[in-house]
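Note: the block below is structure_0.txt and it holds compact mmCIF, C-alpha atoms.
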# COMPACT_ATOMS: atom_id res chain seq x y z
CA MET A 20 59.97 68.64 147.61
CA LYS A 21 58.17 71.69 146.24
CA THR A 22 58.48 72.49 142.51
CA ARG A 23 60.54 75.60 143.17
CA GLU A 24 63.06 73.56 145.15
CA ARG A 25 63.05 70.70 142.64
CA ILE A 26 63.92 73.15 139.83
CA ILE A 27 66.97 74.35 141.76
CA HIS A 28 68.00 70.81 142.62
CA VAL A 29 67.77 69.50 139.04
CA SER A 30 69.35 72.63 137.52
CA LEU A 31 72.40 72.29 139.76
CA GLU A 32 72.73 68.64 138.76
CA LEU A 33 72.44 69.35 135.01
CA PHE A 34 74.78 72.37 135.15
CA ASN A 35 77.40 70.30 136.97
CA ILE A 36 77.21 67.45 134.47
CA PHE A 37 76.92 69.29 131.15
CA GLY A 38 78.25 72.77 131.94
CA GLU A 39 75.90 75.72 132.47
CA PRO A 40 76.23 77.17 128.91
CA ASN A 41 75.04 73.84 127.45
CA VAL A 42 71.81 73.52 129.49
CA THR A 43 68.55 75.27 128.52
CA THR A 44 65.46 75.94 130.63
CA LEU A 45 63.57 73.59 128.27
CA GLN A 46 65.92 70.75 129.19
CA ILE A 47 65.43 71.52 132.87
CA ALA A 48 61.62 71.44 132.50
CA ASP A 49 61.90 68.23 130.48
CA GLU A 50 64.06 66.54 133.11
CA LEU A 51 61.53 67.53 135.80
CA ASP A 52 58.59 66.42 133.66
CA ILE A 53 56.87 69.79 134.05
CA SER A 54 55.73 72.25 131.38
CA PRO A 55 58.01 75.18 130.47
CA GLY A 56 55.16 77.46 131.59
CA ASN A 57 55.23 75.91 135.05
CA LEU A 58 59.02 76.46 135.20
CA TYR A 59 58.69 80.10 134.05
CA TYR A 60 56.06 80.65 136.76
CA HIS A 61 58.80 79.99 139.34
CA TYR A 62 61.86 81.36 137.49
CA LYS A 63 61.46 83.78 134.59
CA ASN A 64 64.67 82.61 132.89
CA LYS A 65 67.97 80.78 133.35
CA THR A 66 69.62 83.87 134.82
CA GLU A 67 67.17 83.81 137.75
CA ILE A 68 68.03 80.15 138.42
CA ILE A 69 71.76 80.92 138.32
CA VAL A 70 71.41 83.92 140.60
CA GLU A 71 69.45 81.75 143.09
CA LEU A 72 72.11 79.00 142.96
CA PHE A 73 74.90 81.53 143.32
CA GLY A 74 73.14 83.04 146.35
CA ARG A 75 73.06 79.64 148.03
CA TYR A 76 76.72 79.01 147.22
CA GLU A 77 77.61 82.46 148.55
CA HIS A 78 75.71 81.84 151.78
CA GLU A 79 77.29 78.42 152.38
CA ILE A 80 80.88 79.42 151.61
CA THR A 81 80.64 82.67 153.57
CA GLU A 82 79.68 80.69 156.67
CA LEU A 83 82.68 78.41 156.18
CA LEU A 84 85.05 81.34 155.70
CA ASP A 85 83.88 83.21 158.78
CA MET A 86 86.91 82.67 161.06
CA PRO A 87 87.31 84.02 164.58
CA ASP A 88 89.98 86.69 164.78
CA ASP A 89 92.25 85.48 167.56
CA ALA A 90 91.76 81.70 167.73
CA ASP A 91 94.71 79.32 168.03
CA PHE A 92 94.22 77.19 164.94
CA SER A 93 96.01 73.86 164.69
CA VAL A 94 97.14 72.29 161.41
CA GLU A 95 94.31 69.76 161.82
CA ASP A 96 91.74 72.58 162.18
CA TYR A 97 93.04 74.01 158.93
CA TRP A 98 92.77 70.66 157.19
CA LEU A 99 89.15 70.23 158.22
CA SER A 100 88.24 73.77 157.25
CA LEU A 101 89.86 73.30 153.83
CA HIS A 102 88.03 70.05 153.33
CA LEU A 103 84.67 71.74 153.98
CA VAL A 104 85.52 74.58 151.57
CA PHE A 105 86.45 72.06 148.87
CA GLU A 106 83.17 70.20 149.45
CA CYS A 107 81.23 73.40 148.98
CA ILE A 108 83.15 74.24 145.78
CA ALA A 109 82.53 70.73 144.45
CA LYS A 110 78.81 70.99 145.17
CA TYR A 111 78.61 74.10 142.96
CA ARG A 112 81.37 73.04 140.56
CA PHE A 113 79.56 74.33 137.43
CA LEU A 114 80.57 77.83 138.57
CA TYR A 115 84.24 76.83 138.64
CA LYS A 116 84.23 74.85 135.39
CA ASP A 117 83.44 77.93 133.30
CA LEU A 118 84.49 80.59 135.74
CA VAL A 119 85.69 83.43 133.50
CA ASN A 120 82.92 82.76 131.01
CA ILE A 121 80.15 82.78 133.63
CA LEU A 122 81.48 85.91 135.31
CA GLN A 123 81.66 87.65 131.93
CA ARG A 124 78.02 86.85 131.15
CA TYR A 125 76.46 87.43 134.57
CA GLU A 126 77.49 90.83 135.79
CA LYS A 127 75.36 90.45 138.94
CA ILE A 128 77.53 87.69 140.32
CA ARG A 129 80.92 89.01 139.10
CA PHE A 130 81.25 91.53 141.89
CA LYS A 131 80.04 89.03 144.48
CA PHE A 132 82.53 86.40 143.31
CA LYS A 133 85.42 88.82 143.70
CA LYS A 134 84.24 89.50 147.25
CA ILE A 135 84.24 85.75 147.98
CA LEU A 136 87.81 85.45 146.66
CA GLN A 137 88.82 88.26 149.00
CA LYS A 138 87.12 86.46 151.91
CA LYS A 139 88.99 83.26 150.99
CA PHE A 140 92.23 85.19 151.10
CA ASP A 141 91.38 86.82 154.44
CA ALA A 142 90.36 83.50 156.04
CA THR A 143 93.54 81.81 154.77
CA GLN A 144 95.64 84.67 156.09
CA LYS A 145 93.95 84.52 159.50
CA ILE A 146 94.77 80.81 159.82
CA CYS A 147 98.35 81.22 158.59
CA LEU A 148 98.95 84.19 160.90
CA SER A 149 97.59 82.17 163.81
CA LEU A 150 99.98 79.30 162.94
CA LYS A 151 102.81 81.82 162.69
CA ARG A 152 101.92 83.39 166.05
CA GLN A 153 102.13 79.93 167.62
CA GLU A 154 105.48 79.40 165.81
CA ILE A 155 104.10 76.36 163.98
CA LEU A 156 104.53 78.13 160.65
CA LEU A 157 107.71 80.04 159.84
CA ALA A 158 107.55 82.71 157.16
CA THR A 159 108.22 86.39 156.60
CA ASN A 160 105.22 88.62 155.90
CA ALA A 161 106.02 88.63 152.15
CA GLU A 162 106.32 84.83 152.08
CA LEU A 163 103.07 84.48 153.97
CA GLU A 164 101.22 86.74 151.55
CA ALA A 165 102.54 84.85 148.51
CA LEU A 166 101.62 81.55 150.19
CA CYS A 167 98.06 82.71 150.90
CA ARG A 168 97.66 83.88 147.29
CA ASN A 169 98.86 80.50 146.01
CA ILE A 170 96.45 78.72 148.35
CA VAL A 171 93.49 80.76 147.08
CA LEU A 172 94.58 80.12 143.48
CA ILE A 173 95.01 76.35 144.00
CA SER A 174 91.71 75.93 145.83
CA THR A 175 89.82 78.04 143.27
CA TYR A 176 91.19 76.22 140.23
CA TRP A 177 91.66 72.70 141.55
CA PRO A 178 88.22 71.55 140.28
CA SER A 179 88.96 72.90 136.80
CA PHE A 180 92.51 71.51 136.75
CA ASP A 181 91.35 68.11 137.97
CA MET A 182 88.56 68.06 135.36
CA LEU A 183 91.02 68.74 132.52
CA GLY A 184 92.01 65.10 133.03
CA HIS A 185 88.51 63.87 132.28
CA ILE A 186 86.57 66.47 130.31
CA GLY A 187 83.34 65.14 128.87
CA SER A 188 82.71 62.66 131.67
CA ASP A 189 81.20 63.65 135.01
CA SER A 190 83.67 61.83 137.21
CA ASP A 191 83.69 63.35 140.66
CA ILE A 192 86.36 65.88 141.48
CA ASP A 193 89.14 64.37 143.58
CA LEU A 194 88.64 66.58 146.64
CA ALA A 195 91.12 64.74 148.81
CA LYS A 196 93.87 65.37 146.28
CA GLY A 197 92.93 69.06 146.13
CA VAL A 198 93.28 69.38 149.91
CA TYR A 199 96.58 67.48 149.64
CA GLN A 200 97.90 69.93 147.02
CA VAL A 201 97.09 72.92 149.24
CA MET A 202 98.68 71.23 152.24
CA SER A 203 101.81 70.53 150.16
CA ALA A 204 102.12 74.27 149.62
CA VAL A 205 101.85 74.90 153.37
CA ALA A 206 104.06 72.00 154.55
CA PRO A 207 107.55 73.36 153.71
CA HIS A 208 106.81 76.43 155.87
CA LEU A 209 106.04 74.32 158.94
CA ARG A 210 108.32 73.41 161.84
CA PRO A 211 110.08 70.10 161.02
CA GLU A 212 108.00 68.07 163.53
CA ASP A 213 104.67 69.51 162.27
CA LYS A 214 105.74 69.06 158.67
CA ALA A 215 106.60 65.39 159.20
CA LEU A 216 103.27 64.81 160.94
CA LEU A 217 101.33 66.61 158.21
CA MET A 218 102.96 64.74 155.35
CA GLU A 219 102.38 61.44 157.08
CA VAL A 220 98.67 62.13 157.58
CA SER A 221 98.45 63.51 154.01
CA GLU A 222 99.70 60.38 152.38
CA GLN A 223 97.21 58.20 154.20
CA TYR A 224 94.46 60.57 153.22
CA ILE A 225 94.89 60.55 149.44
CA MET B 1 101.57 91.03 105.62
CA LYS B 2 99.54 88.60 103.51
CA THR B 3 95.78 88.38 104.11
CA ARG B 4 96.04 84.86 105.58
CA GLU B 5 98.56 86.09 108.12
CA ARG B 6 96.60 89.27 108.86
CA ILE B 7 93.49 87.19 109.64
CA ILE B 8 95.44 85.18 112.23
CA HIS B 9 96.99 88.30 113.71
CA VAL B 10 93.69 90.17 114.11
CA SER B 11 91.78 87.09 115.32
CA LEU B 12 94.31 86.54 118.10
CA GLU B 13 93.99 90.18 119.13
CA LEU B 14 90.17 90.14 119.16
CA PHE B 15 89.97 86.77 120.97
CA ASN B 16 92.35 88.03 123.65
CA ILE B 17 90.38 91.23 124.20
CA PHE B 18 86.77 90.02 124.01
CA GLY B 19 87.05 86.29 124.67
CA GLU B 20 86.82 83.74 121.85
CA PRO B 21 83.12 82.86 122.34
CA ASN B 22 82.17 86.52 121.86
CA VAL B 23 83.96 87.09 118.52
CA THR B 24 82.39 86.11 115.16
CA THR B 25 84.10 85.68 111.77
CA LEU B 26 82.05 88.67 110.56
CA GLN B 27 83.64 90.87 113.20
CA ILE B 28 87.08 89.61 112.19
CA ALA B 29 86.40 90.42 108.51
CA ASP B 30 85.02 93.81 109.52
CA GLU B 31 88.08 94.65 111.60
CA LEU B 32 90.32 93.70 108.65
CA ASP B 33 88.18 95.65 106.22
CA ILE B 34 87.80 92.62 103.92
CA SER B 35 84.64 90.85 102.73
CA PRO B 36 83.43 87.75 104.62
CA GLY B 37 83.90 85.85 101.32
CA ASN B 38 87.56 86.80 101.25
CA LEU B 39 87.94 85.56 104.84
CA TYR B 40 86.15 82.26 104.08
CA TYR B 41 88.47 81.76 101.10
CA HIS B 42 91.35 81.51 103.60
CA TYR B 43 89.57 79.94 106.58
CA LYS B 44 86.25 78.13 106.15
CA ASN B 45 85.08 78.97 109.69
CA LYS B 46 86.14 80.09 113.14
CA THR B 47 87.18 76.57 114.11
CA GLU B 48 89.87 76.60 111.40
CA ILE B 49 91.25 79.88 112.73
CA ILE B 50 91.31 78.50 116.28
CA VAL B 51 93.00 75.29 115.20
CA GLU B 52 95.65 77.32 113.35
CA LEU B 53 96.25 79.56 116.39
CA PHE B 54 96.40 76.55 118.68
CA GLY B 55 98.94 74.90 116.38
CA ARG B 56 101.19 77.97 116.66
CA TYR B 57 100.81 78.05 120.43
CA GLU B 58 101.58 74.32 120.62
CA HIS B 59 104.70 74.75 118.49
CA GLU B 60 106.02 77.71 120.52
CA ILE B 61 105.40 76.24 123.95
CA THR B 62 106.73 72.80 123.00
CA GLU B 63 110.05 74.39 122.01
CA LEU B 64 110.22 76.17 125.38
CA LEU B 65 109.42 72.98 127.29
CA ASP B 66 112.03 70.88 125.53
CA MET B 67 114.59 70.50 128.31
CA PRO B 68 117.87 68.57 128.09
CA ASP B 69 117.83 65.46 130.26
CA ASP B 70 120.95 65.80 132.38
CA ALA B 71 121.74 69.53 132.47
CA ASP B 72 122.70 71.27 135.71
CA PHE B 73 120.01 73.94 135.92
CA SER B 74 120.47 76.90 138.23
CA VAL B 75 117.63 78.74 139.95
CA GLU B 76 118.25 81.62 137.51
CA ASP B 77 117.87 79.27 134.51
CA TYR B 78 114.56 78.17 135.93
CA TRP B 79 113.42 81.74 136.40
CA LEU B 80 114.21 82.64 132.79
CA SER B 81 112.55 79.52 131.44
CA LEU B 82 109.41 80.24 133.50
CA HIS B 83 109.33 83.79 132.27
CA LEU B 84 109.39 82.64 128.64
CA VAL B 85 106.60 80.12 129.28
CA PHE B 86 104.48 82.85 130.90
CA GLU B 87 105.09 85.14 127.93
CA CYS B 88 103.90 82.44 125.56
CA ILE B 89 100.79 81.79 127.67
CA ALA B 90 100.05 85.53 127.75
CA LYS B 91 100.39 85.81 123.97
CA TYR B 92 97.65 83.18 123.55
CA ARG B 93 95.73 84.11 126.70
CA PHE B 94 92.28 83.67 125.09
CA LEU B 95 92.87 79.91 125.39
CA TYR B 96 93.43 80.23 129.13
CA LYS B 97 90.60 82.65 129.79
CA ASP B 98 87.92 80.14 128.77
CA LEU B 99 89.94 76.98 129.10
CA VAL B 100 87.35 74.37 130.08
CA ASN B 101 84.79 75.92 127.75
CA ILE B 102 87.11 75.95 124.74
CA LEU B 103 88.31 72.40 125.35
CA GLN B 104 84.71 71.24 125.63
CA ARG B 105 83.78 72.78 122.29
CA TYR B 106 86.90 71.95 120.27
CA GLU B 107 87.59 68.26 120.60
CA LYS B 108 90.55 68.50 118.21
CA ILE B 109 92.59 70.58 120.62
CA ARG B 110 91.43 68.91 123.84
CA PHE B 111 93.76 65.94 123.47
CA LYS B 112 96.65 68.16 122.41
CA PHE B 113 96.18 70.45 125.39
CA LYS B 114 96.36 67.53 127.79
CA LYS B 115 99.63 66.52 126.15
CA ILE B 116 101.00 70.05 126.65
CA LEU B 117 100.05 69.93 130.35
CA GLN B 118 101.94 66.64 130.64
CA LYS B 119 104.97 68.25 128.93
CA LYS B 120 104.79 71.17 131.37
CA PHE B 121 104.81 68.70 134.24
CA ASP B 122 107.76 66.74 132.76
CA ALA B 123 109.82 69.89 132.11
CA THR B 124 109.13 71.17 135.65
CA GLN B 125 110.09 67.82 137.10
CA LYS B 126 113.36 67.72 135.10
CA ILE B 127 114.39 71.12 136.44
CA CYS B 128 113.40 70.30 140.03
CA LEU B 129 115.19 66.92 139.89
CA SER B 130 118.29 68.67 138.55
CA LEU B 131 118.14 71.19 141.44
CA LYS B 132 117.68 68.29 143.85
CA ARG B 133 120.65 66.37 142.37
CA GLN B 134 122.79 69.45 142.95
CA GLU B 135 121.39 69.68 146.50
CA ILE B 136 120.02 73.16 145.84
CA LEU B 137 116.47 71.90 146.35
CA LEU B 138 115.61 69.61 149.25
CA ALA B 139 112.48 67.47 148.97
CA THR B 140 111.34 63.87 149.12
CA ASN B 141 110.01 62.35 145.90
CA ALA B 142 106.41 62.77 147.09
CA GLU B 143 107.03 66.42 148.00
CA LEU B 144 108.68 67.04 144.65
CA GLU B 145 105.75 65.55 142.76
CA ALA B 146 103.21 67.64 144.70
CA LEU B 147 105.36 70.74 144.13
CA CYS B 148 105.55 70.13 140.37
CA ARG B 149 101.78 69.63 140.19
CA ASN B 150 101.22 72.91 142.06
CA ILE B 151 103.62 74.69 139.70
CA VAL B 152 101.77 73.44 136.62
CA LEU B 153 98.46 74.44 138.20
CA ILE B 154 99.65 77.93 139.17
CA SER B 155 101.25 78.63 135.77
CA THR B 156 98.20 77.33 133.88
CA TYR B 157 95.65 79.34 135.85
CA TRP B 158 97.61 82.46 136.72
CA PRO B 159 96.28 84.39 133.68
CA SER B 160 92.70 83.51 134.56
CA PHE B 161 93.19 84.25 138.29
CA ASP B 162 94.88 87.55 137.53
CA MET B 163 92.09 88.51 135.11
CA LEU B 164 89.39 87.87 137.73
CA GLY B 165 90.61 91.14 139.21
CA HIS B 166 89.82 93.06 136.06
CA ILE B 167 87.26 91.19 133.96
CA GLY B 168 85.83 93.29 131.17
CA SER B 169 88.97 95.37 130.64
CA ASP B 170 91.95 94.12 128.62
CA SER B 171 94.62 95.12 131.08
CA ASP B 172 97.72 93.08 130.47
CA ILE B 173 98.31 90.03 132.60
CA ASP B 174 100.85 90.68 135.34
CA LEU B 175 103.43 88.12 134.16
CA ALA B 176 106.10 89.12 136.64
CA LYS B 177 103.74 88.44 139.50
CA GLY B 178 102.86 85.04 138.03
CA VAL B 179 106.54 84.07 137.91
CA TYR B 180 106.89 85.39 141.47
CA GLN B 181 103.99 83.21 142.67
CA VAL B 182 105.57 80.08 141.16
CA MET B 183 108.94 80.96 142.65
CA SER B 184 107.27 81.43 146.05
CA ALA B 185 106.11 77.82 145.84
CA VAL B 186 109.67 76.66 145.06
CA ALA B 187 111.51 78.89 147.54
CA PRO B 188 110.76 77.11 150.84
CA HIS B 189 112.27 73.92 149.40
CA LEU B 190 115.61 75.61 148.62
CA ARG B 191 118.80 75.64 150.69
CA PRO B 192 118.72 78.68 153.02
CA GLU B 193 121.36 80.60 151.00
CA ASP B 194 119.58 79.99 147.67
CA LYS B 195 116.23 80.82 149.19
CA ALA B 196 117.46 84.14 150.54
CA LEU B 197 118.99 85.01 147.17
CA LEU B 198 115.84 84.03 145.30
CA MET B 199 113.49 86.01 147.52
CA GLU B 200 115.74 89.05 147.26
CA VAL B 201 115.78 88.94 143.46
CA SER B 202 112.02 88.21 143.43
CA GLU B 203 111.09 91.29 145.34
CA GLN B 204 113.05 93.56 143.02
CA TYR B 205 111.44 91.88 140.07
CA ILE B 206 107.77 92.43 140.93

Mind turning the file's structure into structure tokens?
Amino acid sequence: MKTRERIIHVSLELFNIFGEPNVTTLQIADELDISPGNLYYHYKNKTEIIVELFGRYEHEITELLDMPDDADFSVEDYWLSLHLVFECIAKYRFLYKDLVNILQRYEKIRFKFKKILQKKFDATQKICLSLKRQEILLATNAELEALCRNIVLISTYWPSFDMLGHIGSDSDIDLAKGVYQVMSAVAPHLRPEDKALLMEVSEQYI
Amino acid sequence: MKTRERIIHVSLELFNIFGEPNVTTLQIADELDISPGNLYYHYKNKTEIIVELFGRYEHEITELLDMPDDADFSVEDYWLSLHLVFECIAKYRFLYKDLVNILQRYEKIRFKFKKILQKKFDATQKICLSLKRQEILLATNAELEALCRNIVLISTYWPSFDMLGHIGSDSDIDLAKGVYQVMSAVAPHLRPEDKALLMEVSEQYI
């Protein structure tokens, strides 16, 4: 791996473990066993590293949230798509641990993050509307909007909520339980037969 | 108002507007027009101010979450109780803006905050079980547990989620919409007649 790539790799790891505000560029250089000068040659400061990491996160999640407009999604499709989104969030979980704080300090990514939240909402709405069109999901427009907002909220804050249970340690985030929580919000809106099926699969999954 | 009380009052205001990590004791003294020495006479450092504010928050929210064991709650009771909890959270919103960050830095309040989350869960579960006993709410035990966890998550992170929309400004948190989002999670589990009533009231409320 080239030095530039190794810096990104190690920074992501340290940020995820210790929280971004608690990691310095000196610690990153130390962990890589390179001189600070060598690190600064590739990235002038921590902000540049964070912007690079955020760019990768943005690219990966945008691909996952790019839903076709008129597809007939099944509940299983939704499950898989949610799982992939949660995996992406977990990979870059340092962003979500200190969300408000990071967005306050890095103006460059604040605007982009808001755009990602909007994309999450749009993708969720596309799937729910498709389920509604197929009469798998039953909800008025107002109910569907409130549901989609709750789903975006739960999936955005699940990592932080789950970590409240074990702050200080770097236990992995329980992704499966996060997906389960989102599905529990969707389930009561489903047709009885789809709901029963979903809850059965859910309980095996967690 | 005595100086000790004025310090607490102004600190809460500044923390809520600018975020706790961005406010120093010097700024607090300056805002109060007192000398730093006078401030230190009352509170040795910022940690002492935060611990005092957290103690007040803990006291207020604990009173709100203290539910009788076998009462017959109505959906309206739940609504009112939620509204009061949201008001309390909004009053001390600086805690919720930088939650993970603050809990990482102040070990003293970390343990207490986890206990409050557990109390929120217990209170929510008591109300939902009461609604279930009265056959107003229909859910299996597993569904009820997942619902209560979602409710605690939504009510804990609503202030932060709502603020993502307007970081940098100190617009008030939209409490009514937070209560509405929680109620939207409860609604699909209600008997059709209660659900219709709830959604009707909800839409007038926001």

Atom-to-atom span, atom CA of Val179 of chain B and atom CA of Ile206 of chain B, Å = 9.0 Å

For chain B, list the residues within 9 Å of chain A, counting all atoms listed in the file, and write the list as a count of residues only.
-> 39

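Shortest separation to Phe92 of chain A among A:Met20, A:Leu217, A:Leu194, A:Cys147 occurs at residue A:Cys147, atoms counted being only C-alpha atoms.
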
Just the residues within 9 Å of Asp85 of chain A, please, counting all atoms listed in the file, with nothing from its chain fewer than 5 positions along; format it as a PyMOL selection string.
-> chain A and resi 80+138+142

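Distances here use only C-alpha atoms; by that measure, the residue among B:Asn16, B:Ser155, B:Thr24, B:Ser74 closest to Gln134 of chain B is B:Ser74.
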
Name all residues at most 12 Å from Asp33 of chain B (count all atoms listed in the file; drop same-chain ones fewer than 5 positions away) and give them as a PyMOL selection string.
-> chain B and resi 3+6-7+10+26-28+38-39
